[in-house]
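Written below as structure tokens is the structure these notes are about.
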Amino acid sequence: MYFLITLIAFLSWLYLLAFRGGFWRVAVPNVPSNPAAPVSVAVVIPARNEAEGIADTVTSLLAQDHPGNLRIVLVDDHSTDGTATIAREAAMRAGGAERLTIIDGQPLAEGWTGKLWAVSQGLEAANKLKPDFILLTDADITHAPDNVSTLVRRMEHDGLDLASLMVRLSCQSSWEKALIPAFVFFFFMLYPPRWAADPLARTAAAAGGCMLVRPEALEHIGGIAAIRGSLIDDCALAAAIKQSGGMIRLDVTYDTFSTRLYQGWDEIWSMIARTAFTQLGYSTLLLVGTLVGLFLTYMVPPLATIFGHGWTRLFGIAAWAAMVVAFRPTLTLYGRSWAWGLALPLIALFYAAATVGSAVNYWSGRGGQWKGRAQAIRH
């Protein structure tokens with residue numbers, strides 16, 4: 001029995017390495033060779049209490065080398081920390097105050113998530129500018145100088161309707177170094193970018209921190225209102241566009257990064273727990289299946305290596321080695337040693353526990369907390 005379980009774990013890793021869309025081969029793509037076109041871009045930023053990062057975000061956007069017109073619409077979603085004032089001052093220092101429009105957010109409408117309600121108000125203002133492209137970005141993203149022009153070139157080169165980037169997440173504190181690279185690894189395991197880009201595959205995915213979209217694609221799906229209640233709004237938007245016949249693409253980047261810091265394990269736990277059970281469709285059966293799968297895939301290999309004998313131990317070692325091989329490109333992207341792959345079973349155990357915590361929050365009626373708002377609440 002122990003041998004059979006270990007063999008299944010080993011075969012699972014062979015499948016993940018060979019047949020899961022090469023999700024683990026993360027690498028920053030080459031810049032398209034076509035010249036940048038002087039198209040217009042409207043940037044929409046929903047911001048709720050983002051005083052710490054908003055100045056860097058606005059400054060980096062105003063410093064883009066994009067040859068076309070670029071305007072920013074920031075929706076101040078009832079911030080209490082001076083977010084709007086800080087953004088305005090940053091734009092003035094950058095000499096681009098006339099390119100920044102700040103909108104005071106309206107009270108949250110029924111049936112909408114807070115972020116998407118803010119985005120909808122920003123899109124309403126942005127559409128009046130009649131832009132060729134719209135960049136949806138978070139208020140804690142510092143954009144590389146060529147980020148917008150590169151995204152535009154990729155959109156036009158590949159005929160895309162949506163191009164998004166998994167920006168480099170903060171990996172400075174001890175807990176971030178231990179846990180954040182795995183977040184990217186697990187995300188791409190769920191949503192292999194190669195499958196997302198394949199029009200024949202059902203998988204659709206995007207990373208909400210940085211998404212460039214054609215206004216026509218948004219109009220075609222019925223606007224952002226089509227996903228107004230979605231908590232995992234980036235993937236919901238990608239799915240809506242792909243299902244309507246649009247082309248999408250998801251890549252990683254190193255030079256565009258998030259300034260949001262996670263100082264302790266509890267902050268990372270909360271980040272996972274906000275939407276983990278939502279990802280499972282609030283299904284207890286899927287939760288149990290996920291936990292069984294995580295145990296089989298991540299815990300069986302080290303247990304078989306340590307406590308097994310003969311072929312059981314050999315297959316345990318092979319499965320653990322495959323795990324390390326799969327995790328290494330993501331660790332390299334984040335400047336971490338390959339040896340952290342040996343700790344992936346313990347890291348996966350943390351993510352499994354946070355997923356259970358997400359379910360407990362839902363069952364108890366607390367939901368997940370974000371910026372003083374509760375979401376994923378059981379009704």
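Please note that chains go A, B, ... in the order of the structure tokens, that every chain numbers its residues from 1, and that ligands are numbered from 1 in the order shown.
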Quick one: contact table of range 269-333 of chain A to range 337-341 of chain A, 10 Å max, nearest atom pair and distance in Å to one decimal per residue, counting only C-alpha atoms, chain and number order, as CSV?
```
residue,atom,partner,partner_atom,distance
A:Trp320,CA,A:Gly341,CA,8.7
A:Ala321,CA,A:Gly341,CA,8.6
A:Ala322,CA,A:Gly341,CA,9.6
A:Met323,CA,A:Gly341,CA,6.8
A:Val324,CA,A:Gly341,CA,4.4
A:Val325,CA,A:Gly341,CA,7.7
A:Ala326,CA,A:Gly341,CA,8.3
A:Phe327,CA,A:Gly341,CA,5.8
A:Arg328,CA,A:Trp338,CA,5.3
A:Pro329,CA,A:Trp338,CA,8.4
A:Thr330,CA,A:Trp338,CA,9.2
A:Leu331,CA,A:Trp338,CA,6.3
A:Thr332,CA,A:Ser337,CA,7.0
```
Fewer than 2 positions away in the same chain doesn't count, so skip those; otherwise give me all residues within 10 Å of Met155 in chain A, counting only C-alpha atoms, as a CSV table (one decimal) with N, CA and C atoms, in the first residue's frame.
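To be explicit, this is the file written out as around_1.csv:
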```csv
chain,number,residue,atom,x,y,z
A,32,PRO,N,9.0,41.9,-28.0
A,32,PRO,CA,8.7,41.8,-29.4
A,32,PRO,C,9.5,42.8,-30.3
A,133,PHE,N,-6.0,51.6,-25.8
A,133,PHE,CA,-5.8,50.6,-24.9
A,133,PHE,C,-6.1,51.1,-23.5
A,149,SER,N,5.0,50.3,-23.1
A,149,SER,CA,5.3,50.2,-24.6
A,149,SER,C,5.6,48.7,-24.9
A,150,THR,N,6.2,47.9,-24.0
A,150,THR,CA,6.4,46.5,-24.3
A,150,THR,C,5.1,45.8,-24.4
A,151,LEU,N,4.2,46.1,-23.5
A,151,LEU,CA,2.8,45.4,-23.5
A,151,LEU,C,2.1,45.8,-24.7
A,152,VAL,N,2.1,47.0,-25.2
A,152,VAL,CA,1.5,47.4,-26.4
A,152,VAL,C,2.1,46.7,-27.6
A,153,ARG,N,3.4,46.6,-27.6
A,153,ARG,CA,4.0,45.9,-28.8
A,153,ARG,C,3.6,44.4,-28.8
A,157,HIS,N,1.7,42.7,-31.8
A,157,HIS,CA,2.5,41.6,-32.4
A,157,HIS,C,1.7,40.3,-32.5
A,158,ASP,N,1.0,40.0,-31.3
A,158,ASP,CA,0.3,38.7,-31.2
A,158,ASP,C,-1.2,38.8,-31.4
A,159,GLY,N,-1.7,40.0,-31.7
A,159,GLY,CA,-3.1,40.2,-31.9
A,159,GLY,C,-3.9,39.9,-30.7
A,160,LEU,N,-3.5,40.4,-29.6
A,160,LEU,CA,-4.1,40.0,-28.3
A,160,LEU,C,-5.2,41.0,-27.9
A,161,ASP,N,-6.1,40.6,-27.1
A,161,ASP,CA,-7.2,41.4,-26.6
A,161,ASP,C,-6.9,41.7,-25.1
A,162,LEU,N,-6.1,40.9,-24.5
A,162,LEU,CA,-5.7,41.1,-23.1
A,162,LEU,C,-4.3,40.5,-22.9
A,163,ALA,N,-3.4,41.4,-22.4
A,163,ALA,CA,-2.0,40.9,-22.0
A,163,ALA,C,-1.8,41.3,-20.6
A,164,SER,N,-1.4,40.4,-19.7
A,164,SER,CA,-1.2,40.7,-18.3
A,164,SER,C,0.1,40.2,-17.9
A,212,LEU,N,-3.3,44.9,-19.6
A,212,LEU,CA,-3.5,45.8,-20.7
A,212,LEU,C,-4.6,45.2,-21.6
A,213,VAL,N,-5.7,45.9,-21.8
A,213,VAL,CA,-6.9,45.4,-22.5
A,213,VAL,C,-7.4,46.3,-23.6
A,214,ARG,N,-7.9,45.8,-24.6
A,214,ARG,CA,-8.5,46.6,-25.6
A,214,ARG,C,-9.9,47.0,-25.2
A,247,MET,N,-8.2,36.8,-27.6
A,247,MET,CA,-6.9,36.2,-27.4
A,247,MET,C,-6.3,36.9,-26.1
A,248,ILE,N,-5.8,36.0,-25.2
A,248,ILE,CA,-5.2,36.5,-24.0
A,248,ILE,C,-3.8,35.9,-23.8
A,249,ARG,N,-3.0,36.6,-23.0
A,249,ARG,CA,-1.7,36.1,-22.7
A,249,ARG,C,-1.3,36.5,-21.3
```
Out of A:Ser40, A:Thr80, A:Asn30, A:Thr137, which residue has the shortest atom-to-atom distance to Asp234 in chain A when counting only C-alpha atoms?
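Nearest to Asp234 in chain A: A:Thr137.
Residue nearest Trp117 in chain A, chosen from A:Leu16, A:Ala37, A:Ala217, A:Ala226 and counting only C-alpha atoms: A:Ala226.
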Set the distance at 12 Å and use only C-alpha atoms: which residues neighbour Phe186 in chain A once local chain neighbours fewer than 2 positions away are removed? I'd like the list as a ChimeraX atom specification.
/A:16,23-24,26,179-184,188-192,272,276,294,326-327,330,344,347-348,351-352
Take the selection from the previous step and output its residues with N, CA and C atoms, as an mmCIF file, in the first residue's frame.
```
data_model
loop_
_atom_site.group_PDB
_atom_site.id
_atom_site.type_symbol
_atom_site.label_atom_id
_atom_site.label_comp_id
_atom_site.auth_asym_id
_atom_site.auth_seq_id
_atom_site.Cartn_x
_atom_site.Cartn_y
_atom_site.Cartn_z
ATOM 1 N N LEU A 16 2.979 16.480 -13.900
ATOM 2 C CA LEU A 16 3.116 17.926 -13.740
ATOM 3 C C LEU A 16 4.285 18.470 -14.557
ATOM 4 N N PHE A 23 4.086 24.667 -16.968
ATOM 5 C CA PHE A 23 3.815 25.792 -16.076
ATOM 6 C C PHE A 23 5.037 26.203 -15.278
ATOM 7 N N TRP A 24 5.907 25.261 -14.996
ATOM 8 C CA TRP A 24 7.036 25.496 -14.101
ATOM 9 C C TRP A 24 8.208 26.190 -14.793
ATOM 10 N N VAL A 26 8.992 29.033 -15.805
ATOM 11 C CA VAL A 26 8.765 30.478 -15.805
ATOM 12 C C VAL A 26 10.008 31.206 -16.293
ATOM 13 N N LEU A 179 7.850 32.078 1.556
ATOM 14 C CA LEU A 179 6.509 31.713 1.107
ATOM 15 C C LEU A 179 6.048 32.314 -0.221
ATOM 16 N N ILE A 180 6.569 33.477 -0.593
ATOM 17 C CA ILE A 180 6.047 34.162 -1.778
ATOM 18 C C ILE A 180 6.376 33.463 -3.093
ATOM 19 N N PRO A 181 7.614 32.967 -3.326
ATOM 20 C CA PRO A 181 7.846 32.276 -4.606
ATOM 21 C C PRO A 181 6.871 31.126 -4.840
ATOM 22 N N ALA A 182 6.474 30.450 -3.762
ATOM 23 C CA ALA A 182 5.531 29.338 -3.911
ATOM 24 C C ALA A 182 4.166 29.833 -4.363
ATOM 25 N N PHE A 183 3.797 31.049 -3.989
ATOM 26 C CA PHE A 183 2.515 31.602 -4.437
ATOM 27 C C PHE A 183 2.475 31.660 -5.961
ATOM 28 N N VAL A 184 3.565 32.143 -6.562
ATOM 29 C CA VAL A 184 3.647 32.215 -8.023
ATOM 30 C C VAL A 184 3.646 30.816 -8.621
ATOM 31 N N PHE A 188 0.668 29.383 -11.194
ATOM 32 C CA PHE A 188 0.904 28.908 -12.551
ATOM 33 C C PHE A 188 0.582 27.419 -12.689
ATOM 34 N N MET A 189 0.666 26.675 -11.590
ATOM 35 C CA MET A 189 0.238 25.279 -11.644
ATOM 36 C C MET A 189 -1.267 25.200 -11.898
ATOM 37 N N LEU A 190 -2.018 26.096 -11.260
ATOM 38 C CA LEU A 190 -3.467 26.141 -11.487
ATOM 39 C C LEU A 190 -3.799 26.677 -12.870
ATOM 40 N N TYR A 191 -3.039 27.690 -13.301
ATOM 41 C CA TYR A 191 -3.318 28.376 -14.568
ATOM 42 C C TYR A 191 -2.061 28.412 -15.429
ATOM 43 N N PRO A 192 -1.710 27.313 -16.086
ATOM 44 C CA PRO A 192 -0.518 27.321 -16.947
ATOM 45 C C PRO A 192 -0.625 28.400 -18.027
ATOM 46 N N ILE A 272 -3.745 34.655 1.324
ATOM 47 C CA ILE A 272 -4.186 33.385 0.733
ATOM 48 C C ILE A 272 -5.643 33.109 1.090
ATOM 49 N N ALA A 276 -8.979 31.716 -1.255
ATOM 50 C CA ALA A 276 -8.668 30.297 -1.500
ATOM 51 C C ALA A 276 -9.924 29.446 -1.612
ATOM 52 N N LEU A 294 -2.913 17.593 -2.150
ATOM 53 C CA LEU A 294 -1.714 18.254 -1.637
ATOM 54 C C LEU A 294 -0.889 17.294 -0.791
ATOM 55 N N ALA A 326 11.025 21.199 -10.490
ATOM 56 C CA ALA A 326 9.906 22.022 -10.939
ATOM 57 C C ALA A 326 9.916 23.405 -10.297
ATOM 58 N N PHE A 327 10.321 23.476 -9.049
ATOM 59 C CA PHE A 327 10.277 24.735 -8.306
ATOM 60 C C PHE A 327 11.468 25.638 -8.617
ATOM 61 N N THR A 330 11.184 29.122 -10.655
ATOM 62 C CA THR A 330 10.515 30.178 -9.901
ATOM 63 C C THR A 330 11.449 30.729 -8.833
ATOM 64 N N LEU A 344 9.652 22.736 -0.030
ATOM 65 C CA LEU A 344 8.331 22.928 -0.634
ATOM 66 C C LEU A 344 7.229 22.115 0.060
ATOM 67 N N ILE A 347 6.137 24.238 2.897
ATOM 68 C CA ILE A 347 5.475 25.442 2.370
ATOM 69 C C ILE A 347 4.069 25.088 1.887
ATOM 70 N N ALA A 348 3.939 23.949 1.204
ATOM 71 C CA ALA A 348 2.624 23.507 0.739
ATOM 72 C C ALA A 348 1.699 23.234 1.924
ATOM 73 N N TYR A 351 0.210 26.505 2.931
ATOM 74 C CA TYR A 351 -0.849 26.931 2.002
ATOM 75 C C TYR A 351 -2.110 26.093 2.194
ATOM 76 N N ALA A 352 -1.934 24.808 2.487
ATOM 77 C CA ALA A 352 -3.102 23.960 2.739
ATOM 78 C C ALA A 352 -3.837 24.432 3.989
#
```
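In this comparison, which uses only C-alpha atoms, the residue of A:Thr256, A:Thr85, A:Thr312, A:Thr101 approaching Leu169 in chain A most closely is A:Thr256.
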Just asking: which residues within range 3-185 of chain A are alpha helix (DSSP H) according to DSSP, as a PyMOL selection string?
chain A and resi 3-19+54-62+83-93+114-127+147-158+174-185
So which residues touch Glu52 in chain A within 12 Å, counting only C-alpha atoms, skipping near sequence neighbours fewer than 6 positions away, as a ChimeraX atom specification?
/A:58,81-84,86-87,139-142,258-261
Since we have the selection now, will you write its residues out, keeping all heavy atoms, as a JSON list (two decimals), in the first residue's frame?
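The resulting file, again_19.json, is shown below:
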```
[["chain", "number", "residue", "atom", "x", "y", "z"],
["A", 58, "VAL", "N", 2.31, 56.13, -9.39],
["A", 58, "VAL", "CA", 2.01, 57.26, -10.27],
["A", 58, "VAL", "C", 3.28, 57.76, -10.95],
["A", 58, "VAL", "O", 3.29, 58.03, -12.17],
["A", 58, "VAL", "CB", 1.34, 58.39, -9.46],
["A", 58, "VAL", "CG1", 1.26, 59.68, -10.29],
["A", 58, "VAL", "CG2", -0.06, 57.96, -9.02],
["A", 81, "ASP", "N", -6.26, 57.72, 4.42],
["A", 81, "ASP", "CA", -4.84, 57.93, 4.70],
["A", 81, "ASP", "C", -4.19, 58.96, 3.77],
["A", 81, "ASP", "O", -2.97, 59.04, 3.69],
["A", 81, "ASP", "CB", -4.08, 56.61, 4.60],
["A", 81, "ASP", "CG", -4.13, 56.00, 3.20],
["A", 81, "ASP", "OD1", -4.85, 56.56, 2.33],
["A", 81, "ASP", "OD2", -3.47, 54.98, 2.97],
["A", 82, "GLY", "N", -5.00, 59.72, 3.04],
["A", 82, "GLY", "CA", -4.44, 60.75, 2.16],
["A", 82, "GLY", "C", -3.93, 60.23, 0.84],
["A", 82, "GLY", "O", -3.08, 60.87, 0.21],
["A", 83, "THR", "N", -4.42, 59.09, 0.40],
["A", 83, "THR", "CA", -3.96, 58.49, -0.86],
["A", 83, "THR", "C", -4.05, 59.48, -2.02],
["A", 83, "THR", "O", -3.08, 59.64, -2.78],
["A", 83, "THR", "CB", -4.77, 57.23, -1.19],
["A", 83, "THR", "OG1", -4.47, 56.20, -0.24],
["A", 83, "THR", "CG2", -4.46, 56.72, -2.58],
["A", 84, "ALA", "N", -5.17, 60.13, -2.18],
["A", 84, "ALA", "CA", -5.38, 61.04, -3.31],
["A", 84, "ALA", "C", -4.41, 62.21, -3.27],
["A", 84, "ALA", "O", -3.83, 62.60, -4.29],
["A", 84, "ALA", "CB", -6.82, 61.55, -3.32],
["A", 86, "ILE", "N", -1.44, 62.33, -1.84],
["A", 86, "ILE", "CA", -0.09, 61.84, -2.13],
["A", 86, "ILE", "C", 0.08, 61.60, -3.62],
["A", 86, "ILE", "O", 1.12, 61.92, -4.21],
["A", 86, "ILE", "CB", 0.19, 60.56, -1.32],
["A", 86, "ILE", "CG1", 0.21, 60.87, 0.17],
["A", 86, "ILE", "CG2", 1.50, 59.92, -1.76],
["A", 86, "ILE", "CD1", 0.27, 59.64, 1.05],
["A", 87, "ALA", "N", -0.94, 61.05, -4.27],
["A", 87, "ALA", "CA", -0.88, 60.80, -5.71],
["A", 87, "ALA", "C", -0.77, 62.11, -6.47],
["A", 87, "ALA", "O", 0.02, 62.23, -7.42],
["A", 87, "ALA", "CB", -2.12, 60.02, -6.15],
["A", 139, "ALA", "N", -2.65, 49.82, -7.17],
["A", 139, "ALA", "CA", -2.04, 51.05, -6.65],
["A", 139, "ALA", "C", -0.71, 50.80, -5.96],
["A", 139, "ALA", "O", -0.11, 51.75, -5.43],
["A", 139, "ALA", "CB", -3.01, 51.74, -5.68],
["A", 140, "ASP", "N", -0.23, 49.57, -5.97],
["A", 140, "ASP", "CA", 1.05, 49.26, -5.31],
["A", 140, "ASP", "C", 2.06, 48.68, -6.30],
["A", 140, "ASP", "O", 2.97, 47.95, -5.91],
["A", 140, "ASP", "CB", 0.83, 48.28, -4.15],
["A", 140, "ASP", "CG", 0.22, 46.96, -4.62],
["A", 140, "ASP", "OD1", -0.15, 46.86, -5.81],
["A", 140, "ASP", "OD2", 0.10, 46.03, -3.80],
["A", 141, "ILE", "N", 1.90, 49.02, -7.59],
["A", 141, "ILE", "CA", 2.79, 48.48, -8.63],
["A", 141, "ILE", "C", 3.72, 49.58, -9.14],
["A", 141, "ILE", "O", 3.27, 50.65, -9.56],
["A", 141, "ILE", "CB", 1.98, 47.92, -9.81],
["A", 141, "ILE", "CG1", 0.96, 46.89, -9.33],
["A", 141, "ILE", "CG2", 2.91, 47.30, -10.84],
["A", 141, "ILE", "CD1", 1.53, 45.69, -8.65],
["A", 142, "THR", "N", 5.01, 49.31, -9.12],
["A", 142, "THR", "CA", 6.00, 50.20, -9.72],
["A", 142, "THR", "C", 6.36, 49.64, -11.09],
["A", 142, "THR", "O", 6.89, 48.53, -11.19],
["A", 142, "THR", "CB", 7.26, 50.32, -8.84],
["A", 142, "THR", "OG1", 6.89, 50.87, -7.56],
["A", 142, "THR", "CG2", 8.29, 51.23, -9.50],
["A", 258, "SER", "N", 5.65, 44.72, -7.31],
["A", 258, "SER", "CA", 4.72, 45.18, -6.28],
["A", 258, "SER", "C", 5.50, 45.71, -5.08],
["A", 258, "SER", "O", 6.50, 45.12, -4.67],
["A", 258, "SER", "CB", 3.81, 44.04, -5.83],
["A", 258, "SER", "OG", 3.05, 44.42, -4.68],
["A", 259, "THR", "N", 5.03, 46.81, -4.53],
["A", 259, "THR", "CA", 5.67, 47.38, -3.35],
["A", 259, "THR", "C", 4.95, 46.98, -2.06],
["A", 259, "THR", "O", 5.32, 47.43, -0.98],
["A", 259, "THR", "CB", 5.71, 48.92, -3.43],
["A", 259, "THR", "OG1", 4.38, 49.42, -3.64],
["A", 259, "THR", "CG2", 6.59, 49.37, -4.59],
["A", 260, "ARG", "N", 3.92, 46.14, -2.19],
["A", 260, "ARG", "CA", 3.19, 45.71, -0.99],
["A", 260, "ARG", "C", 4.04, 44.71, -0.21],
["A", 260, "ARG", "O", 4.45, 43.67, -0.73],
["A", 260, "ARG", "CB", 1.86, 45.07, -1.37],
["A", 260, "ARG", "CG", 0.96, 44.78, -0.15],
["A", 260, "ARG", "CD", -0.39, 44.25, -0.57],
["A", 260, "ARG", "NE", -1.08, 45.16, -1.48],
["A", 260, "ARG", "CZ", -1.68, 46.28, -1.10],
["A", 260, "ARG", "NH1", -1.67, 46.65, 0.16],
["A", 260, "ARG", "NH2", -2.28, 47.04, -2.01],
["A", 261, "LEU", "N", 4.28, 45.01, 1.05],
["A", 261, "LEU", "CA", 5.14, 44.18, 1.89],
["A", 261, "LEU", "C", 4.30, 43.27, 2.79],
["A", 261, "LEU", "O", 3.23, 43.65, 3.25],
["A", 261, "LEU", "CB", 6.04, 45.06, 2.76],
["A", 261, "LEU", "CG", 6.93, 46.07, 2.02],
["A", 261, "LEU", "CD1", 7.73, 46.90, 3.03],
["A", 261, "LEU", "CD2", 7.88, 45.36, 1.06]]
```
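Across range 43-163 of chain A, DSSP run on the backbone finds strand (DSSP E) at A:Val43, A:Val44, A:Ile45, A:Pro46, A:Ala47, A:Leu70, A:Arg71, A:Ile72, A:Val73, A:Leu74, A:Val75, A:Asp76, A:Leu100, A:Thr101, A:Ile102, A:Ile103, A:Asp104, A:Phe133, A:Ile134, A:Leu135, A:Leu136, A:Thr137, A:Ile141, A:Thr142, A:Leu162, A:Ala163.
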For each of A:Asn147, A:Ser270, A:Thr284, A:Ser33, take the minimum atom-to-atom distance to Ser60 in chain A, counting only C-alpha atoms, then give the residue where this is smallest.
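Ranking A:Asn147, A:Ser270, A:Thr284, A:Ser33 by distance to Ser60 in chain A, first place goes to A:Asn147.
Here CA of Asp76 in chain A is placed at a distance of 10.3 Å from CA of Val119 in chain A.
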Contact residues around Trp269 in chain A with only C-alpha atoms at 10 Å, ignoring same-chain residues under 6 positions, as JSON, numbers by chain
{"A": [179, 262, 350, 351, 353, 354, 355, 357, 358]}
Save out the residues we just selected, N, CA and C atoms, as a CSV table (one decimal), in the first residue's frame.
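And here's selection_18.csv as it stands now:
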```
chain,number,residue,atom,x,y,z
A,179,LEU,N,7.9,32.1,1.6
A,179,LEU,CA,6.5,31.7,1.1
A,179,LEU,C,6.0,32.3,-0.2
A,262,TYR,N,4.8,42.1,3.0
A,262,TYR,CA,4.2,41.1,4.0
A,262,TYR,C,5.3,40.8,5.0
A,350,PHE,N,1.7,24.9,4.7
A,350,PHE,CA,1.2,26.2,5.1
A,350,PHE,C,0.1,26.7,4.2
A,351,TYR,N,0.2,26.5,2.9
A,351,TYR,CA,-0.8,26.9,2.0
A,351,TYR,C,-2.1,26.1,2.2
A,353,ALA,N,-3.1,24.8,5.0
A,353,ALA,CA,-3.7,25.2,6.3
A,353,ALA,C,-4.4,26.6,6.1
A,354,ALA,N,-3.8,27.4,5.3
A,354,ALA,CA,-4.5,28.7,5.0
A,354,ALA,C,-5.8,28.5,4.2
A,355,THR,N,-5.8,27.5,3.3
A,355,THR,CA,-7.0,27.2,2.5
A,355,THR,C,-8.1,26.7,3.4
A,357,GLY,N,-8.3,27.6,6.6
A,357,GLY,CA,-8.6,28.8,7.2
A,357,GLY,C,-9.6,29.6,6.4
A,358,SER,N,-9.4,29.6,5.1
A,358,SER,CA,-10.4,30.4,4.2
A,358,SER,C,-11.7,29.8,4.3
```
Please provide as number ranges by chain all residues within 10 Å of His78 in chain A, with the sequence filter that same-chain residues fewer than 3 positions apart are discarded (counting only C-alpha atoms).
A: 47-49, 75, 81-84, 104-108, 118
Extract, using only C-alpha atoms, all DNA, RNA and protein residues at most 6 Å from Leu136 in chain A, discarding same-chain residues fewer than 5 positions from it, and format them as a PyMOL selection string.
chain A and resi 44+210-211
Write to file, as a compact mmCIF listing (two decimals), in the first residue's frame, the residues of the selection just made, with N, CA, C and O atoms.
```txt
# COMPACT_ATOMS: atom_id res chain seq x y z
N VAL A 44 -6.14 52.93 -15.44
CA VAL A 44 -7.16 52.99 -14.39
C VAL A 44 -6.59 52.35 -13.13
O VAL A 44 -6.16 51.19 -13.16
N CYS A 210 -1.42 44.03 -13.27
CA CYS A 210 -1.02 44.69 -14.51
C CYS A 210 -1.69 44.00 -15.69
O CYS A 210 -1.27 42.92 -16.10
N MET A 211 -2.75 44.63 -16.23
CA MET A 211 -3.48 44.04 -17.35
C MET A 211 -3.75 45.12 -18.40
O MET A 211 -4.39 46.13 -18.10
```
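Distances to Ile5 in chain A were evaluated for A:Leu62, A:Leu303, A:Leu333, A:Val28 using only C-alpha atoms, and the minimum falls at A:Leu303.
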